[in-house]
Every structure is written in structure tokens, then in C-alpha cells.
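Worksheet for the structure shown next.
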2 protein chains.
Amino acid sequence: MLKESHVDVLIIGAGPSGLMCANALAGAGVNFRIIDNRPVGVAAGQADGIQPRTIEVLQSYGLAEPLLKEGAQMHLCAFYNPGPDGGIERTGRAADVTAPTARYPFKITIAQASIEALFVESLKSQGISVDRPIVPSSLEISQDPAELLDPSSYPVKVVLDHIHSSDDTPEQEIVHAKFVVGADGAHSWVRKTLGFTMDGEQTDYIWGVIDFIPDTNFPDIRNRSAIHSENGSCMIIPREGDKVRFYLQMADKDVMDPETGKIDKQKVTAENLINTARRTFYPYIVNEPKEVDWCSIYIIGQRVASKFSKHDRVFIAGDACHTHSPKAGQGMNASMNDTHNLAWKLAQVLRGRADISLLKTYELERQKYAQDLIDFDREFSALFSGKPRTSENQEGVTHEEFLSAFQASGGFSSGIGVHYMPSAIVHTIHQGSASNLIIGERMLPQLFVRAADARPVEIQDMLPADTRFKLLFFVGLLTSEKLAKVRRLAEELELPTSFLQKYNFPAQGKAQSMFDIISIAAGHKDDVNFLDIPSTLRTHWSKVLIDDTDVTGRLGGGAYPRFGIDEKEITIVVVRPDGYVGMIAPSTALESMDKYFGSFLIGKTLNREA
Amino acid sequence: MLKESHVDVLIIGAGPSGLMCANALAGAGVNFRIIDNRPVGVAAGQADGIQPRTIEVLQSYGLAEPLLKEGAQMHLCAFYNPGPDGGIERTGRAADVTAPTARYPFKITIAQASIEALFVESLKSQGISVDRPIVPSSLEISQDPAELLDPSSYPVKVVLDHIHSSDDTPEQEIVHAKFVVGADGAHSWVRKTLGFTMDGEQTDYIWGVIDFIPDTNFPDIRNRSAIHSENGSCMIIPREGDKVRFYLQMADKDVMDPETGKIDKQKVTAENLINTARRTFYPYIVNEPKEVDWCSIYIIGQRVASKFSKHDRVFIAGDACHTHSPKAGQGMNASMNDTHNLAWKLAQVLRGRADISLLKTYELERQKYAQDLIDFDREFSALFSGKPRTSENQEGVTHEEFLSAFQASGGFSSGIGVHYMPSAIVHTIHQGSASNLIIGERMLPQLFVRAADARPVEIQDMLPADTRFKLLFFVGLLTSEKLAKVRRLAEELELPTSFLQKYNFPAQGKAQSMFDIISIAAGHKDDVNFLDIPSTLRTHWSKVLIDDTDVTGRLGGGAYPRFGIDEKEITIVVVRPDGYVGMIAPSTALESMDKYFGSFLIGKTLNREA
């Protein structure tokens, strides 16, 4: 008799994507299990770059702080090109993050192991751990349409093999899952089992990567540096502590086996990589390092999976559905953001508060993003792997071409530019009411002061990833006429037919209510009375904000014009649980909000009929 | 046979002052013991205000973060006065912190228990706990002058009684201590044993205090509010969570026993205090509170001890040497800052690196501060306890008088204004080299960017309370001429006769080296090469800063003019281990730096002779 069990969500793979999923589901109180085929997590090397947007996302789970403290921060990027004497020289330095709205104007680098540890610790504090080492050996999905549409059914059957150190046959168990998330890496077993293909190409560029503590007189060793030399390109990525990562373009002869035409792993040594670095860095000196942490080699390949989901019951996420070159620092970020996108949707469907069709938006939103990302990556990698322009090589890449591509790609390389297309959850009709808060993009960071105590707060910190939709009521200037209008709006929202009543449920255990309300007035902190906001729009004294500067006059203010919101009107901004603007409406368009939420949420009446 | 033991420092009393001392000594690796006569720490009520300067100090021990997160923050102060209809009305709101250089432009309020828990947790993580309940029963100091001058002697003998719950005679032990710190509160046994008097007066003002969650329509309930009404004064102090503290001026009839003329504790009830509040708040409503945390009553008394130290072997600190009215939020702050001032001095003397005479500066610096503080407090309390000016009472205090006193006292009420007078460790001769960095005051907060990686850093975060003197080398603009000058300076500092060599010792265990070096260049982050700074002035890549803005252009920059330092010169600023500027010198005055450190430190040669 095999052990047999039921679980709401089975996560296969405990890398950054799987762990992000697990942590989000744990916070939402969802019943799930996470397994991994390795006996322990990664030790050294691997991915290491955290983009500005990913810092914002981690912050929305309360996890950014340790990274901000322990990671290295890349504020500047330095550019080196061949000088007149054959050696490299600095062409310039520029801000590494070019997205002007980034809350964190820098990237963080830290070992993948530290990122994973963040999630593992957070899970541990909730009494959850990764089951390992476990290998899935079969996966079947029910073909019964009724079963597939019933969110309470368990249509996925997975057989798991528990690996023991002994040579015995692995112990097997059967798991019946409502949903499965395959976050099992570039060689994803889940993807292969589902029969999805990876579409895209492999380039000829071969790159080495080495993590070590350098001893050098290169003046930008603590900045991200893009070096184009006549002896190959190099990207320097400063790392936590005194560590640095070098990405080095390798010559075929240095790494290929001339007979097989394949990479000779024997040739991939730290010594070999340091020697390559020396040629690239000339006239700067790279001394023999005291300590080498990790090194590896790879060929750039950019691919996206043909599908991200099967019957909206089995999903793939992370490296399982997209691979790209590491130098742009995208991989781990896209991976974590995949499951950040998916987790709240799973939670709401499992609670019976959202229609199962909501899950279709996962593939819709994330596959397009992956494809765009790979197109960008292909272009950027080609530019960086190409030969630099010199007097001998007039066909080469100029610094201006590279810099302009670098700066134009700010939205991508920072993650800030993610833009989800119109769908059930991205409703763009009233974009004009807040013309600079782009529907489908993440809510802009902005400092407000709290009306009750003038404490400055970052609006993003009031939008935690807690599965709730945040309703921002921009009530504008509180004239007596406006106050009357605000009170009428509050009364309308109290009607049982209003979305606010129909789709709201009180919190139950870890399952939060559906909505959180924040009111934002225009005006001055010396005048505004927070008690003027009716209680429907003021669920706690801390949730009434003012668009004003803090007491020093140095922080905050100017949000209404910046967002393109009229202070004379009342404008409602709906922020999705993942921090993206889902809808905007003037207070006169409540019925279009009813419709928006009605298109994917399950209301109280419907529930009663079920 | 009594148990008998030796300890370097015995701390008597585990309130904020004693715990600050313990935590600082633990960080410095000093052998000490801390005892307290209560079986557990305080539970509710008591002191609750943390000033901006105290936040800076706690930050220098790495302890500010939990307070910043959990405490309430007072950014604004609202002022209420009698209106034409007899009730109160708001006269205005103003910034609560008026000291323009405060790094944290607000005060924090949080229960004393939470402050104590910070220290207790920090000590626990270092394997140290408070011995309790223990009562000292006798204290003797040797009269032998040679013994008193020998820092390795144990001239203080203290007998301790271990209190057990049973009625038996307490178990006694004898402790021989090099130094004793009496941080045992307003009724200090140590102070009485030493025969020090408390000098000052008690006023007639009676105040009640209550911590509770209010239910009111008063619009400034989450701001600090100073209410002058015809029915008495009230100070509102918002607290962590939804709690609020009221300080209420009580009428004699409400709290005095008419027969004895003393306070009748029976009359001090939450109900009585709430009723007083209702009269003061009219026309605003204060409903029956659901929850009352704590309440008490006190008569304002302002007193300072006649002496702070006996033979520089036994010290008193905190409430043991100064008491004042709670409303100005001073008590706990002065108390923690007493031992912050003392701890590094004890550590350096015990290590044999500073002369025992250094300890004289404790009384010198802290007694004067306590006296100034009490003078300020007396004036402020009288103003606040006085009747407001009304049409009937033309003698009363006007809002303008109160507001101007409130704003003029910003240096005191924020703790930023602390100014230590010239002494062995405050050497003012070269003040002109950095005219706005006042010698004897705390080092100004300022954001710089690191030269190697353009990461913004707050200079105060590079000045931890780790017993080291910080040497800030303001090297200015790095012209080639200047670089030659910087190299010559570095060479001079390498000479064995230089203070940097003579008084420096390598770190040993938790005992840090004597000096930490930070170099600060003028210039632009796009140009400066951190490797240009010679290695004597660049002990790590992270310790070379630039006076420039961060990549967003919004933070940092302008420090040279702000500090009054000439970019064309080289200026050295010495910051004491407690964060106060001890000396400033142009690079041409190294011998006056040799003299400064020579006046209280013990050099290598001297050590060898000993």
C-alpha cells in the first residue's frame, strides 16, 4: 500500500521561484507542500542579481531588509573601451539603474543561497520546511472537464520517490493535488512531462564566470563595469563583502576540445579564467587571488516555453519556462516574479472567492513578459559579446551604441518596466483619471504623510503582498462641498449591491479580507482633520494620508500632479495584490468597478446559491 | 564562609541607565556584572519618550531599528488654548522637533519595558543576564591613595544580599570591584551610601498620568498636543499601537486628602483622571475607554546630585543623580546618555590604554548637563503648568510665549544641543578649521557616497559606539598637488612617534584597536579614484567617501561648506567613541594631535616601562 495524501498545491522545486511561491502561499494560509530533488540548497555561485523591482516585491513580503543590509549595491556602471595604446581605459561612469521611478535606485547582488535562505527562514518561522530529496516520477491530470472546472477537486495525481542515501528502491507515495507548480529549473521534469517545448536559439558566445576576492589596481572593481577590450569583453559584478564576480568572454581555443568541438570542462579552471581576465584588463593588474569561491562556464541560450500552464491546473515557473544570459541579471528576478504573480491568484481561487478562470491570466501575463525579456536579452548580449569599435575594426560596437542600448533598456534591466496587457484584471478604460499611474504597471512609489500624526509613509509599504486588493481613494482637496461628495460616495459603497460589500469577506485565520482601504487627501498637514473622512473610508487612523511634505519639507508631496490626478475630483485606484495597478475609476463610475470585480470574483449571493 | 568574587565593573540597577552601561561594556568585552533589586523589569507605564539624539545614540549600538518600527513617532505638536466660548480650540500645529540638524526629525514613544527589552535581548545574545533580585547591603571604598590610582586594583567592596521568596535570611556574598556604577534610581541606595545630596526644589504642581486607548473626537489625538484650558493643562503623548498617554494637571481638591494635605492615593483612579480630561477637553468628547494600561500621579521635582562620582571608583548615573518632570520627555534620555558617556571611558581605562584621570570627565560633562537640563525643565514646566492668558486672566501665559519657549528649547528637548566643555578630551584650539562642526557637540549627521561604489552612507553609521576614536580625514579636492600632500601626511602618520602609531594597538578579542580611519574627498563620483588615497588613510575600500550626491542627485552633497571645511586644505576631525567631536586639526598641526591623545591615552613606550 502506497502512502496517499491530498494537498491544495504541490510545489516541485525549491529554488527562488518555488520558494517565493511557498512563502506567498504560507502567508495566505494556503495548504501546500514543497519538494526538491536535491538533499540541500545551493551552496555557492549561481544567480546573484536582484533588480530594483524585485527589491520592491521582496519588501512587499517584508523580506527586503536583510538583502539591503548584506548585499552589495550597484549604483554606478563604469564603461571601459580600448584606448590608443591597446589597453583599456575608462570611457565614463553612469547610473546603473536608469528607470526614474525606481524606489531603490540600485541593484543588489548576493549569493543565491542567501536569497533562498530568506525564504527558508520565513517558512521555518511558520513551521514549514522543504521536503527533500524527493523526485517526482509521474504526473497525471484528469481529463474530466467538470472535475477540471471544480476548484475543490484534486485532478492532478503525482507519484513521488523519496531518495535515501542507501541504494534501496526509493520509497514511493501518491499525492493528489488541486494544483501543481513546476518550478524545477532549466531541465524541468514537469515541463517535459507536460510536453511543452523550449523555443529559441543558442548562440555561439561562450562565457566564463568566477566569484572571488580580487587583488587589483582596477579603479572600478566595486562598480558594475562593462569592459570591451580587444581581447574580449568582461562584466564586473561587485558582490557582498569583498567578493567580486567576473563574467569573461572566452576564446574558443581556451575552452573547446579541438577534436569534439565541445567545451572541455577540464579547461574551465580558476587559473584559466584569471588569465583571461588579465588579458582583458591590461594595463590594469589582476594578482593571483587568495580565495576563489566558485567558477563555471556557459553558452548563452535564450528560450521560452511554448506553454506556461496545462488546464490551469499544472503551471511551470522560473527557469522551467525561460532561460537567458546571466549577465543582464534577469534570471532569478523573472523566476521569483512568476510565482509572485501566480500565488495570490491560487489563494483566491482556493478560498472560493475568485473564479478559476482568474488563473488564465498567469500565462497571459508572464509568457509575454518572458518573450519580451528574451528579445531584449538577445539584443543586449549580442551588443556586449561583439567586438568593440577600434581604428582597425570600424564595424565594432561603439561606446555610444552600447551606452544608449544600456540606458534604453532601463525598464527591463530594472524590472520596473513590466506592463501587463488588458485582461479580466487589467481594465484600462478610465486611464485618463490618473494619466501617469499606468494601468498594468506596478503602483508608483511615493511618500505621503499620515493625516493623524504627520509620519511619512511610503505608499508601497501600505501595499503588502497579502492577497488583498488595495483601494486607494484619492479624495483630493477637502472643501465642504467635496466632503459632502465623499460622504455620499461612502454611503453608496455601503449599499449591499456595491462591490465593496458584495465581494468582501471578513478575514478568517490567515485568509485576509478581500479589500484594504486607504484614503489620500490633498492639502496641508497643519490643517487636515483625519476625522473628516467617513468611517467607511477610514478603517483605522493610520490609513488616511495627505499628499504633503514631512516636517522637514524634504520628503514627499506632489503626488497629485505626478500621478496626473485632479485634486478637485475623487479618483479610485485599484492596486492588485501583487502591487500592479488593476483599474482606475472616477467616483462617478462605481458600476464599472462593480463590473471589474464581478468579472473574476465570486460574490456573496453567488456563494449562497452554490 | 561568604562567597567572594572579583569583577571589573559592578552595575547596580537594571533600568535604562544600568542596562545601557551593561550593553556598552559587553560590546567592549569588559568583565562586569549587573544586578537589580526587583525580581523582574518594569511591566507598564513609566518613562516612554526617546529624543532624536537618543535615537542616534541607540543607532550607534545597532539598537534603534526596533524602536523606529514599533514606537509611535511624534512629528507634529499641536497647541490648544481657550476659545471665545470657554472650550479649547487649536491655535496651531508646529514641528515637534525644532533642532535643524536632527537626523531623526521626530521623537519616539514606547513603553520603558520595550527599551529595557532591547538591551536585555542584546545582552542575552552575548550570554549575559541581569542577576536579580539582589540588594546591596554595604559598600566600602579603600582609602589607600596608591590603590585608588592603580587601575588594576579592586578598591570597592560591596556586600550583596540575594533575595529569595522564602522568609529566610538572604544569602550574602562579597564582591570586590574595580569600579561600581550606581544606576539604582531616584531613591538610589548607592547615592545615599556615598552621602551625596540631591539639590533642588519640589514644586506644588500635581500631575496625573494615564496610558490608555482613547475613544474621542479630538482631532490631534495622534499628535503630541499641549492643551492650555481654563480647567487645567494637558499634554497628549501618542504611544505605540493605538495607545495614548495623557499628562493631566490635577486640582488639589481632586487628589489631596484635606486633612493631611497629602496626596490621597485612593483618589488616583483612572475614572478620576478621565473625568479631569473631560473637563480639559471640552468641547471635545472623551468616551469611557475600553482599556486602561496604567495610571499614576506625581509632583514635579527638579534635583541634581551634589556629586556624580566618589574617587572616580564609584559613579552614579540616571535617576540616581537627576530627577525632572516627565512631560518634557527627558528622564530616560539623560539616564541612558550618562552611561553612554561613561562606558567607553571605563573600557579604555580597564584595558590599560587610557589614564585613570579620564574618568574625571564623566562628572565634569554629565553633571553640568544635568544642571542645565533641570534649569530648562523648571522653566518649561512652570510655563506649562501656569494658567493660560484669557480675557479674564491677563496675567496668564500666551500661546506666543509658550510656542517661543517650546521652539527655543529645541536643542534641549531633542538632546541635540548637548555641548561638553573644554577638558582633556575636548580640545577647541583649532575650531576654525571646521567652524560648523562644534567641538564638544555630537558629530553632525551627513550623507556621503562611498568613492569605490557610490553607495550613499550616513556618516553617523560609520561612527559606531565601539570604543574607538574615529579619525575623519577631510582631504578635500584631489589635485595632483594635494595628492602629494596627502601622501606626505600619510608618511608622517607612519612614523613611530606619531599618535597613530604610539597609541594604536591591534584589536584583541572584543577590545577594538584605538583608531578607525575614514577619508573624505571633495569631488564628483564620476571622477574620484579611491585607490589614489594612500593605504594608511584607506584601511578598506569602503572607508573612502566623497562629498557628492547619490545617483539620483537627491541625497547628500554639500558637506564641506556645511561643516565650514576648506576643500583646498586637509582637515582632521577627531570623533570620540561616544560620537562627540573631541578635536579638530589642520594637517599641519599633527603635534597638537599628539599632545591631545597624549594627555589621556597611554602610549606603547609608557606601557613597556610599566
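If you're wondering about the labels, chains in the C-alpha cells are A, B, ... by order shown, residues count from 1 in each chain, ligands from 1 in order shown.
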Given only C-alpha atoms, how would the per-residue table for chain B near chain A read, listing every residue at most 7 Å away with its closest atom pair and distance in Å to one decimal, sorted by chain and number, as a tab-separated table?
residue	atom	partner	partner_atom	distance
B:Gln73	CA	A:Arg455	CA	6.8
B:Met74	CA	A:Asp453	CA	6.9
B:His75	CA	A:Ala454	CA	5.9
B:Leu76	CA	A:Ala454	CA	6.5
B:Arg93	CA	A:Asp526	CA	5.6
B:Ala95	CA	A:Val551	CA	5.8
B:Pro219	CA	A:Asn529	CA	6.0
B:Asp220	CA	A:Ala452	CA	6.8
B:Arg222	CA	A:Asp453	CA	5.1
B:Asn223	CA	A:Asp453	CA	5.1
B:Ala452	CA	A:Arg222	CA	5.5
B:Asp453	CA	A:Arg222	CA	5.1
B:Ala454	CA	A:His75	CA	5.9
B:Arg455	CA	A:His75	CA	6.3
B:Asp526	CA	A:Arg93	CA	5.6
B:Asn529	CA	A:Pro219	CA	6.0
B:Leu531	CA	A:Pro219	CA	6.5
B:Val551	CA	A:Ala95	CA	5.8
As a ChimeraX atom specification, please: the residues near Ile213 in chain B (cut-off 8 Å, only C-alpha atoms, same-chain neighbours under 2 positions excluded). /B:211,215,242-244,289-292
Could you dump the residues just selected with N, CA, C and O atoms as a compact mmCIF listing (two decimals), in the first residue's frame?
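Once everything was written out, this is result.txt:
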# COMPACT_ATOMS: atom_id res chain seq x y z
N ASP B 211 -2.14 55.91 30.71
CA ASP B 211 -1.90 55.26 29.41
C ASP B 211 -3.14 54.46 29.05
O ASP B 211 -3.52 53.56 29.80
N ASP B 215 -11.14 56.90 23.09
CA ASP B 215 -12.23 56.98 22.11
C ASP B 215 -12.71 58.42 22.17
O ASP B 215 -13.38 58.82 23.11
N ASP B 242 -2.29 51.77 19.31
CA ASP B 242 -3.36 52.77 19.37
C ASP B 242 -3.39 53.48 20.72
O ASP B 242 -4.29 54.25 21.00
N LYS B 243 -2.38 53.20 21.55
CA LYS B 243 -2.34 53.75 22.90
C LYS B 243 -2.00 55.24 22.87
O LYS B 243 -1.35 55.73 21.96
N VAL B 244 -2.45 55.95 23.91
CA VAL B 244 -2.10 57.35 24.09
C VAL B 244 -1.83 57.59 25.57
O VAL B 244 -2.40 56.90 26.42
N PRO B 289 -13.03 54.77 28.21
CA PRO B 289 -12.09 53.91 27.47
C PRO B 289 -12.37 52.43 27.73
O PRO B 289 -12.81 52.06 28.81
N LYS B 290 -12.13 51.63 26.69
CA LYS B 290 -12.32 50.18 26.85
C LYS B 290 -11.18 49.58 27.66
O LYS B 290 -11.33 48.58 28.33
N GLU B 291 -10.01 50.21 27.57
CA GLU B 291 -8.81 49.58 28.12
C GLU B 291 -7.93 50.65 28.73
O GLU B 291 -7.59 51.63 28.06
N VAL B 292 -7.59 50.50 30.00
CA VAL B 292 -6.62 51.41 30.63
C VAL B 292 -5.39 50.58 30.98
O VAL B 292 -5.48 49.54 31.62
Taking the DSSP assignment computed from this structure's backbone, write out as an NGL selection string all residues of range 315-520 of chain A that belong to helix (DSSP H, G or I). :A and (318-320 or 326-328 or 331-350 or 356-385 or 399-408 or 410-414 or 431-434 or 459-462 or 480-494 or 499-502)
So that I can see what lies close to Ala177 in chain B, please list as a list in words the residues with an atom at most 6 Å from it, counting only C-alpha atoms and leaving out residues fewer than 2 positions away in the same chain. His6, Val7, Asp8, Val9, Tyr154, Val156 and Phe179 of chain B
Using C-alpha atoms, can you export the residues from the last selection as an mmCIF file, in the first residue's frame?
data_model
loop_
_atom_site.group_PDB
_atom_site.id
_atom_site.type_symbol
_atom_site.label_atom_id
_atom_site.label_comp_id
_atom_site.auth_asym_id
_atom_site.auth_seq_id
_atom_site.Cartn_x
_atom_site.Cartn_y
_atom_site.Cartn_z
ATOM 1 C CA HIS B 6 36.165 39.861 41.839
ATOM 2 C CA VAL B 7 34.722 41.822 38.961
ATOM 3 C CA ASP B 8 35.957 44.776 36.910
ATOM 4 C CA VAL B 9 32.668 46.674 36.968
ATOM 5 C CA TYR B 154 39.850 46.264 43.380
ATOM 6 C CA VAL B 156 35.485 48.733 46.197
ATOM 7 C CA PHE B 179 34.546 50.165 39.590
#
Using only C-alpha atoms, which protein or nucleic acid residues come within 8 Å of Val57 in chain B? Drop anything in the same chain fewer than 4 positions from it, and give the result as a PyMOL selection string. chain B and resi 53+61+337+465+578-579
Same residues, all heavy atoms, output as a PDB file, in the first residue's frame:
ATOM      1  N   ARG B  53      18.291  62.711  19.673  1.00  0.00           N
ATOM      2  CA  ARG B  53      19.699  62.387  19.926  1.00  0.00           C
ATOM      3  C   ARG B  53      19.835  60.981  20.503  1.00  0.00           C
ATOM      4  O   ARG B  53      20.776  60.263  20.180  1.00  0.00           O
ATOM      5  CB  ARG B  53      20.327  63.410  20.870  1.00  0.00           C
ATOM      6  CG  ARG B  53      21.751  63.070  21.335  1.00  0.00           C
ATOM      7  CD  ARG B  53      22.712  62.867  20.166  1.00  0.00           C
ATOM      8  NE  ARG B  53      23.985  62.283  20.595  1.00  0.00           N
ATOM      9  CZ  ARG B  53      24.811  61.631  19.801  1.00  0.00           C
ATOM     10  NH1 ARG B  53      24.520  61.450  18.520  1.00  0.00           N
ATOM     11  NH2 ARG B  53      25.923  61.138  20.264  1.00  0.00           N
ATOM     12  N   TYR B  61      24.701  51.825  18.617  1.00  0.00           N
ATOM     13  CA  TYR B  61      24.850  50.480  19.189  1.00  0.00           C
ATOM     14  C   TYR B  61      24.073  49.446  18.360  1.00  0.00           C
ATOM     15  O   TYR B  61      23.939  48.298  18.780  1.00  0.00           O
ATOM     16  CB  TYR B  61      24.326  50.445  20.630  1.00  0.00           C
ATOM     17  CG  TYR B  61      25.176  51.210  21.618  1.00  0.00           C
ATOM     18  CD1 TYR B  61      24.865  52.512  21.984  1.00  0.00           C
ATOM     19  CD2 TYR B  61      26.318  50.627  22.189  1.00  0.00           C
ATOM     20  CE1 TYR B  61      25.641  53.219  22.888  1.00  0.00           C
ATOM     21  CE2 TYR B  61      27.102  51.330  23.093  1.00  0.00           C
ATOM     22  CZ  TYR B  61      26.762  52.621  23.437  1.00  0.00           C
ATOM     23  OH  TYR B  61      27.545  53.302  24.329  1.00  0.00           O
ATOM     24  N   ASN B 337      22.114  58.413  28.371  1.00  0.00           N
ATOM     25  CA  ASN B 337      23.283  59.143  27.877  1.00  0.00           C
ATOM     26  C   ASN B 337      24.373  59.296  28.931  1.00  0.00           C
ATOM     27  O   ASN B 337      25.538  59.456  28.589  1.00  0.00           O
ATOM     28  CB  ASN B 337      22.852  60.489  27.291  1.00  0.00           C
ATOM     29  CG  ASN B 337      22.284  60.319  25.891  1.00  0.00           C
ATOM     30  OD1 ASN B 337      22.979  59.880  24.987  1.00  0.00           O
ATOM     31  ND2 ASN B 337      20.998  60.618  25.711  1.00  0.00           N
ATOM     32  N   ALA B 465      29.430  53.047  18.351  1.00  0.00           N
ATOM     33  CA  ALA B 465      29.930  53.194  19.722  1.00  0.00           C
ATOM     34  C   ALA B 465      30.738  51.945  20.069  1.00  0.00           C
ATOM     35  O   ALA B 465      30.282  51.075  20.794  1.00  0.00           O
ATOM     36  CB  ALA B 465      28.755  53.380  20.678  1.00  0.00           C
ATOM     37  N   ASP B 578      31.976  58.168  21.814  1.00  0.00           N
ATOM     38  CA  ASP B 578      30.540  58.367  22.058  1.00  0.00           C
ATOM     39  C   ASP B 578      29.901  59.262  21.001  1.00  0.00           C
ATOM     40  O   ASP B 578      28.743  59.661  21.146  1.00  0.00           O
ATOM     41  CB  ASP B 578      30.292  58.922  23.469  1.00  0.00           C
ATOM     42  CG  ASP B 578      31.125  60.165  23.789  1.00  0.00           C
ATOM     43  OD1 ASP B 578      31.805  60.681  22.874  1.00  0.00           O
ATOM     44  OD2 ASP B 578      31.099  60.612  24.946  1.00  0.00           O
ATOM     45  N   GLY B 579      30.655  59.610  19.935  1.00  0.00           N
ATOM     46  CA  GLY B 579      30.059  60.345  18.824  1.00  0.00           C
ATOM     47  C   GLY B 579      30.224  61.850  18.913  1.00  0.00           C
ATOM     48  O   GLY B 579      29.710  62.568  18.048  1.00  0.00           O
TER      49      GLY B 579
END
How many Å separate CA of Ile88 in chain B from CA of Leu478 in chain A? 23.3 Å
Excluding same-chain residues fewer than 5 positions from Ala251 in chain B, what lies within 9 Å of it counting only C-alpha atoms, as a PyMOL selection string? chain B and resi 205-207+231-232+256+276
Resulting file, chosen residues, C-alpha atoms, as a PDB file, in the first residue's frame:
ATOM      1  CA  TYR B 205       2.172  71.238  40.642  1.00  0.00           C
ATOM      2  CA  ILE B 206       0.410  67.900  40.803  1.00  0.00           C
ATOM      3  CA  TRP B 207       0.060  65.896  37.622  1.00  0.00           C
ATOM      4  CA  ASN B 231      -9.770  73.804  33.624  1.00  0.00           C
ATOM      5  CA  GLY B 232      -6.077  72.898  33.727  1.00  0.00           C
ATOM      6  CA  MET B 256      -5.456  65.725  48.146  1.00  0.00           C
ATOM      7  CA  THR B 276     -10.351  65.579  34.636  1.00  0.00           C
TER       8      THR B 276
END
Go through A:Val449, A:Cys295, A:Ala28, A:Val575 one by one, measure the shortest atom-to-atom distance of each to Ala44 in chain A using only C-alpha atoms, and give the residue with the smallest value. A:Cys295
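With distances restricted to only C-alpha atoms, B:Ser414 is the closest residue to Ala99 in chain B from B:Ser414, B:Ser125, B:Thr398, B:Gln371.
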